[in-house]
Amino acid sequence: MSPSQKRRVVVTGVGAVSSIGQTAEDFWSACLAGETRVERIPRAWLRHGKFSSTLWSPPPPLDLGPYPITRLEEIQQDRVALAAMVAAFQALSSAAISWTVENPKRNTLKLEGLNPERVLVAAGTGIGGVSSLMSNYQFHILGSTKAQLRRWIAEDEEPAPRERRRLEDLEAGLEAPGRMSPLVVPMSMPNTAAGALSIKFSLHGPAHTHCSACAAGTVAIGRAFQDLRSGRADVALAGGAEWMDDTYGGLFRAFDVARTLVQNDDPDRANRPFDEGRSGFLFSAGGAAFLVLEEREHARRRGAPILAEVAGFAESSDAHNIMAPAPGGRQIERAVRSALEEAALAPEDIGYINAHGTGTVANDATEAEIIHRIFGSRPAVSSTKSLLGHTLGASGALEAVVTVLSLRDQKVHACRGLERPIADLTFVRQASSLCLKAALSQSFAFGGHNAVLVLKEP
Amino acid sequence: MNEAKKNAAAEPQELLDEKILERVKKVVAETLDRPEEEILLESRYVEDLGADSFDNLSLFMMLEEEFDQTISEASVEELTTVGSTVQFIRRLLSEEGATPGNAG
């Protein structure tokens, strides 16, 4: 047996920030309770264009209070990095890893009992610090116009009331920060979260960013698993984060014009993965999840809680279309079968599938077809996006957390909004207890990226 | 006119300087991780308080946040001591300083 075959990888900690829960445990309880958060898009956006989709899940509140994050860090980091930090803190605590201050001025930390050169970071994201890029660009194009409007308003000694009001309305509608941040470049980078985590926790192993759209979180966890198995590191902070704060709704509009978003305008019935009445995905503006992955003997030696084992991972590419899955899903099927083979499990060993389940017509049809072809109707199936909506690069990581906690608690959450299921699969209609030995979490992305994780009981 | 500016206009200069100094000291202490008692009006950020270029950047980002003001890059280079910072902020609060929204 080669050294890499001997190394097994376990999950020892989980952390999550989402629109339905600010900690992994609250998020999980909310999933089991079938909670969701769907709102109408801000009225201010309508000033800038017509939207075909009118519903979204806004960014969750991000309470930094419980974590050692300073006011300065809050100013100097994009919220995608802050959300990643919050999820990472939770994951470390849950893995019974404590920290001490390494550099008080920079507020960087050192993880107790770990060799920092043997800890890696793997962060998935769809578009990184896009909010910082957009808000600073807003200043770039609007800052001088706003200043000019203010001068006109102030200089006009005898203004016609109507003209003045028009100028004031125009000026007030142009929202922009007061300056360009000198840190806009690092805040906007796709790798901003990976860099921030490595610096915050003084980790000297590789810090990777996986930019594979909606599969990014799953890819990050899978690649970290491979690195730990091959001996490149002993511990990984792996997960995904997305934060799409957007004053003007342009980012939402980009998904809207691509006709990918929910078309139904009933907040309670719009988001319906795997239902005949599905019409697109619910845009979910922010979230993050991180897991502590650890080589099993390393975890055992330090007496860490072991929540689940990562047993297999596989990826494939459709090489078909930048936005749509290939009909028939042969490459997705290949990835699922490869991940099962690596885990040395048969399809009948899988008790639960946390599906990609976006709610788009094409994804759900292809995914349901593949699940049925490989697994028949036996495993329980649900989509966490039926609750949260789609958090892009965070979604795979949030769903991995759900899958780990499903195995830990032997419970599965419901696939919300199902009235007329599109396939003869065992969709979970209400949260329930199951005897689970192994489960699958799968993600498919714009770009044709397919990624599949197999998790099992430790 | 925001609250800080209204107050700035209404208070005598010495009292205002003292209040600004107190807040500047807190920000400097927090950003540079130095005890407040070490921070004097004449303290130089680099030579006396050990600030590097990133600290300087951080300091002025924190001051912008603290006083809800915009500080231009050009001004940052001139502000090398606690005293000069207090004077600069007083000017900003009295609406004699930088043009808001046009500092980037």
# chains A, B, ... in the order shown; residues from 1 in each chain; ligands from 1
>>> interface_residues(of="chain B", to="chain A", cutoff="12 Å", atoms="only C-alpha atoms", output="ChimeraX atom specification")
/B:27-35,49-52,54-66,68-73,76,98-104
>>> write_last_selection(atoms="N, CA, C and O atoms", output="compact mmCIF listing (two decimals), in the first residue's frame")
# COMPACT_ATOMS: atom_id res chain seq x y z
N VAL B 27 -7.80 56.29 18.12
CA VAL B 27 -7.64 55.63 16.82
C VAL B 27 -6.18 55.21 16.62
O VAL B 27 -5.90 54.08 16.19
N VAL B 28 -5.24 56.09 16.98
CA VAL B 28 -3.81 55.77 16.81
C VAL B 28 -3.45 54.58 17.70
O VAL B 28 -2.77 53.64 17.26
N ALA B 29 -3.95 54.61 18.94
CA ALA B 29 -3.64 53.51 19.87
C ALA B 29 -4.17 52.19 19.32
O ALA B 29 -3.48 51.17 19.33
N GLU B 30 -5.40 52.24 18.81
CA GLU B 30 -6.04 51.02 18.30
C GLU B 30 -5.32 50.51 17.05
O GLU B 30 -5.07 49.32 16.89
N THR B 31 -4.95 51.43 16.18
CA THR B 31 -4.38 51.02 14.89
C THR B 31 -2.93 50.58 15.02
O THR B 31 -2.49 49.63 14.38
N LEU B 32 -2.16 51.30 15.85
CA LEU B 32 -0.73 51.00 15.96
C LEU B 32 -0.40 50.11 17.16
O LEU B 32 0.76 49.81 17.41
N ASP B 33 -1.45 49.73 17.89
CA ASP B 33 -1.28 48.89 19.08
C ASP B 33 -0.26 49.51 20.05
O ASP B 33 0.72 48.87 20.44
N ARG B 34 -0.48 50.78 20.39
CA ARG B 34 0.38 51.48 21.36
C ARG B 34 -0.50 51.96 22.52
O ARG B 34 -1.66 52.29 22.31
N PRO B 35 0.06 52.02 23.73
CA PRO B 35 -0.73 52.56 24.85
C PRO B 35 -1.02 54.05 24.61
O PRO B 35 -0.15 54.78 24.11
N LEU B 49 6.28 56.31 16.81
CA LEU B 49 5.27 55.29 17.10
C LEU B 49 5.44 54.03 16.26
O LEU B 49 4.65 53.09 16.33
N GLY B 50 6.52 54.01 15.46
CA GLY B 50 6.89 52.78 14.75
C GLY B 50 5.98 52.39 13.60
O GLY B 50 5.89 51.21 13.24
N ALA B 51 5.29 53.36 13.02
CA ALA B 51 4.37 53.03 11.92
C ALA B 51 5.14 52.76 10.63
O ALA B 51 6.10 53.46 10.32
N ASP B 52 4.70 51.74 9.88
CA ASP B 52 5.23 51.55 8.52
C ASP B 52 4.21 52.09 7.52
O ASP B 52 3.18 52.65 7.92
N PHE B 54 2.09 50.69 5.56
CA PHE B 54 0.74 50.11 5.63
C PHE B 54 -0.01 50.62 6.86
O PHE B 54 -1.21 50.87 6.81
N ASP B 55 0.76 50.83 7.97
CA ASP B 55 0.13 51.39 9.18
C ASP B 55 -0.42 52.78 8.89
O ASP B 55 -1.50 53.14 9.35
N ASN B 56 0.37 53.56 8.16
CA ASN B 56 -0.08 54.93 7.83
C ASN B 56 -1.38 54.90 7.06
O ASN B 56 -2.31 55.65 7.34
N LEU B 57 -1.43 54.01 6.08
CA LEU B 57 -2.64 53.84 5.28
C LEU B 57 -3.82 53.46 6.18
O LEU B 57 -4.91 54.03 6.11
N SER B 58 -3.55 52.50 7.07
CA SER B 58 -4.59 52.01 7.97
C SER B 58 -5.08 53.13 8.89
O SER B 58 -6.27 53.28 9.13
N LEU B 59 -4.11 53.89 9.37
CA LEU B 59 -4.43 54.98 10.29
C LEU B 59 -5.42 55.96 9.66
O LEU B 59 -6.42 56.34 10.27
N PHE B 60 -5.17 56.31 8.43
CA PHE B 60 -6.04 57.32 7.81
C PHE B 60 -7.38 56.72 7.37
O PHE B 60 -8.39 57.42 7.39
N MET B 61 -7.38 55.43 7.10
CA MET B 61 -8.67 54.79 6.82
C MET B 61 -9.51 54.77 8.10
O MET B 61 -10.73 54.99 8.07
N MET B 62 -8.86 54.53 9.22
CA MET B 62 -9.57 54.51 10.50
C MET B 62 -10.05 55.92 10.89
O MET B 62 -11.14 56.09 11.44
N LEU B 63 -9.22 56.93 10.60
CA LEU B 63 -9.62 58.30 10.92
C LEU B 63 -10.81 58.72 10.05
O LEU B 63 -11.72 59.40 10.54
N GLU B 64 -10.81 58.31 8.81
CA GLU B 64 -11.96 58.61 7.94
C GLU B 64 -13.23 58.01 8.53
O GLU B 64 -14.27 58.64 8.56
N GLU B 65 -13.09 56.77 9.01
CA GLU B 65 -14.24 56.07 9.59
C GLU B 65 -14.68 56.78 10.88
O GLU B 65 -15.86 57.04 11.09
N GLU B 66 -13.71 57.11 11.71
CA GLU B 66 -14.01 57.71 13.02
C GLU B 66 -14.72 59.05 12.86
O GLU B 66 -15.67 59.34 13.57
N ASP B 68 -16.03 60.26 9.94
CA ASP B 68 -16.94 60.28 8.80
C ASP B 68 -16.53 61.35 7.78
O ASP B 68 -17.33 62.18 7.36
N GLN B 69 -15.26 61.33 7.44
CA GLN B 69 -14.69 62.31 6.52
C GLN B 69 -13.89 61.60 5.44
O GLN B 69 -13.51 60.44 5.60
N THR B 70 -13.61 62.30 4.38
CA THR B 70 -12.74 61.77 3.34
C THR B 70 -11.40 62.48 3.40
O THR B 70 -11.36 63.71 3.44
N ILE B 71 -10.32 61.72 3.44
CA ILE B 71 -8.98 62.31 3.50
C ILE B 71 -8.24 61.94 2.22
O ILE B 71 -8.10 60.75 1.91
N SER B 72 -7.78 62.93 1.48
CA SER B 72 -7.15 62.63 0.19
C SER B 72 -5.74 62.05 0.38
O SER B 72 -5.11 62.26 1.42
N GLU B 73 -5.26 61.33 -0.63
CA GLU B 73 -3.90 60.74 -0.55
C GLU B 73 -2.86 61.83 -0.32
O GLU B 73 -1.91 61.64 0.43
N VAL B 76 -2.66 62.75 3.25
CA VAL B 76 -2.08 61.70 4.08
C VAL B 76 -0.57 61.85 4.15
O VAL B 76 0.04 61.71 5.21
N ALA B 98 -10.86 69.42 2.71
CA ALA B 98 -11.05 68.76 1.40
C ALA B 98 -12.48 68.89 0.91
O ALA B 98 -13.41 69.01 1.68
N THR B 99 -12.63 68.84 -0.41
CA THR B 99 -13.96 68.86 -0.99
C THR B 99 -14.53 67.45 -0.93
O THR B 99 -13.95 66.53 -1.49
N PRO B 100 -15.64 67.28 -0.22
CA PRO B 100 -16.16 65.93 -0.10
C PRO B 100 -16.48 65.34 -1.47
O PRO B 100 -16.91 66.05 -2.36
N GLY B 101 -16.26 64.05 -1.58
CA GLY B 101 -16.63 63.35 -2.80
C GLY B 101 -15.70 63.61 -3.97
O GLY B 101 -15.94 63.18 -5.06
N ASN B 102 -14.61 64.29 -3.73
CA ASN B 102 -13.72 64.58 -4.85
C ASN B 102 -12.27 64.37 -4.46
O ASN B 102 -11.39 65.07 -4.93
N ALA B 103 -12.07 63.42 -3.55
CA ALA B 103 -10.73 63.30 -3.00
C ALA B 103 -9.94 62.13 -3.56
O ALA B 103 -8.77 61.99 -3.29
N GLY B 104 -10.59 61.27 -4.30
CA GLY B 104 -9.92 60.03 -4.71
C GLY B 104 -8.96 60.24 -5.85
O GLY B 104 -8.29 59.35 -6.26
>>> select_by_dssp(residues="range 192-229 of chain A", states="alpha helix (DSSP H)", output="list in words")
Thr192, Ala193, Ala194, Gly195, Ala196, Leu197, Ser198, Ile199, Lys200, Ala216, Gly217, Thr218, Val219, Ala220, Ile221, Gly222, Arg223, Ala224, Phe225, Gln226, Asp227, Leu228 and Arg229 of chain A
>>> write_last_selection(atoms="C-alpha atoms", output="CSV table (one decimal), in the first residue's frame")
chain,number,residue,atom,x,y,z
A,192,THR,CA,-9.1,37.9,-1.5
A,193,ALA,CA,-10.7,35.4,0.8
A,194,ALA,CA,-7.9,32.8,0.5
A,195,GLY,CA,-5.3,35.5,1.2
A,196,ALA,CA,-7.2,36.9,4.1
A,197,LEU,CA,-7.6,33.4,5.8
A,198,SER,CA,-3.9,32.6,5.3
A,199,ILE,CA,-2.9,35.9,6.8
A,200,LYS,CA,-5.4,35.9,9.6
A,216,ALA,CA,-16.3,26.4,-6.6
A,217,GLY,CA,-17.1,25.5,-3.0
A,218,THR,CA,-17.3,21.8,-3.9
A,219,VAL,CA,-14.1,21.9,-6.0
A,220,ALA,CA,-12.2,23.7,-3.1
A,221,ILE,CA,-13.2,21.0,-0.6
A,222,GLY,CA,-12.4,18.2,-3.1
A,223,ARG,CA,-9.0,19.6,-4.0
A,224,ALA,CA,-8.1,20.1,-0.3
A,225,PHE,CA,-9.1,16.4,0.3
A,226,GLN,CA,-6.8,15.3,-2.5
A,227,ASP,CA,-3.9,17.4,-1.1
A,228,LEU,CA,-4.4,16.0,2.3
A,229,ARG,CA,-4.6,12.4,1.0
>>> select_by_dssp(residues="range 284-322 of chain A", states="strand (DSSP E or B)", output="PyMOL selection string")
chain A and resi 284+286-295+308-317
>>> atom_distance(atom1="CA of Leu114 in chain A", atom2="CA of Glu399 in chain A")
27.0 Å
>>> residues_around(residues="Glu168 in chain A", least_positions_apart="3", cutoff="8 Å", atoms="only C-alpha atoms", output="PyMOL selection string")
chain A and resi 149-150+153+164-165+171-172
>>> write_last_selection(atoms="N, CA, C and O atoms", output="tab-separated table (two decimals), in the first residue's frame")
chain	number	residue	atom	x	y	z
A	149	LEU	N	-22.71	68.38	-9.32
A	149	LEU	CA	-24.13	68.64	-9.02
A	149	LEU	C	-24.27	69.41	-7.71
A	149	LEU	O	-25.06	70.34	-7.61
A	150	ARG	N	-23.45	69.03	-6.72
A	150	ARG	CA	-23.53	69.72	-5.42
A	150	ARG	C	-23.10	71.18	-5.56
A	150	ARG	O	-23.66	72.07	-4.93
A	153	ILE	N	-25.93	73.07	-7.14
A	153	ILE	CA	-27.02	73.31	-6.18
A	153	ILE	C	-26.64	74.43	-5.22
A	153	ILE	O	-27.43	75.33	-4.92
A	164	ARG	N	-34.17	72.98	-8.83
A	164	ARG	CA	-33.35	72.60	-7.69
A	164	ARG	C	-33.69	71.19	-7.21
A	164	ARG	O	-32.83	70.38	-6.93
A	165	ARG	N	-35.00	70.93	-7.14
A	165	ARG	CA	-35.44	69.62	-6.69
A	165	ARG	C	-34.94	68.52	-7.65
A	165	ARG	O	-34.51	67.46	-7.23
A	171	GLU	N	-28.75	64.07	-7.70
A	171	GLU	CA	-27.54	63.92	-6.87
A	171	GLU	C	-27.74	62.81	-5.84
A	171	GLU	O	-26.88	61.96	-5.64
A	172	ALA	N	-28.92	62.81	-5.22
A	172	ALA	CA	-29.19	61.81	-4.17
A	172	ALA	C	-29.26	60.40	-4.75
A	172	ALA	O	-28.92	59.43	-4.07
>>> closest_atom_pairs(of="range 359-402 of chain A", to="range 416-422 of chain A", cutoff="9 Å", atoms="only C-alpha atoms", output="CSV")
residue,atom,partner,partner_atom,distance
A:Asp364,CA,A:Ile422,CA,8.3
A:Ala365,CA,A:Ile422,CA,7.4
A:Ala368,CA,A:Ile422,CA,7.8
A:Ser382,CA,A:Arg416,CA,8.2
A:Ser383,CA,A:Arg416,CA,7.9
A:Thr384,CA,A:Arg416,CA,8.5
A:Lys385,CA,A:Arg416,CA,8.8
A:Ser386,CA,A:Arg416,CA,5.2
A:Leu387,CA,A:Arg416,CA,6.4
>>> closest_residue(among="A:Cys214, A:Leu133, A:Ala285, A:Leu237", to="Ala88 in chain A", atoms="only C-alpha atoms")
A:Leu237
>>> atom_distance(atom1="CA of Phe444 in chain A", atom2="CA of Ala16 in chain A")
20.8 Å
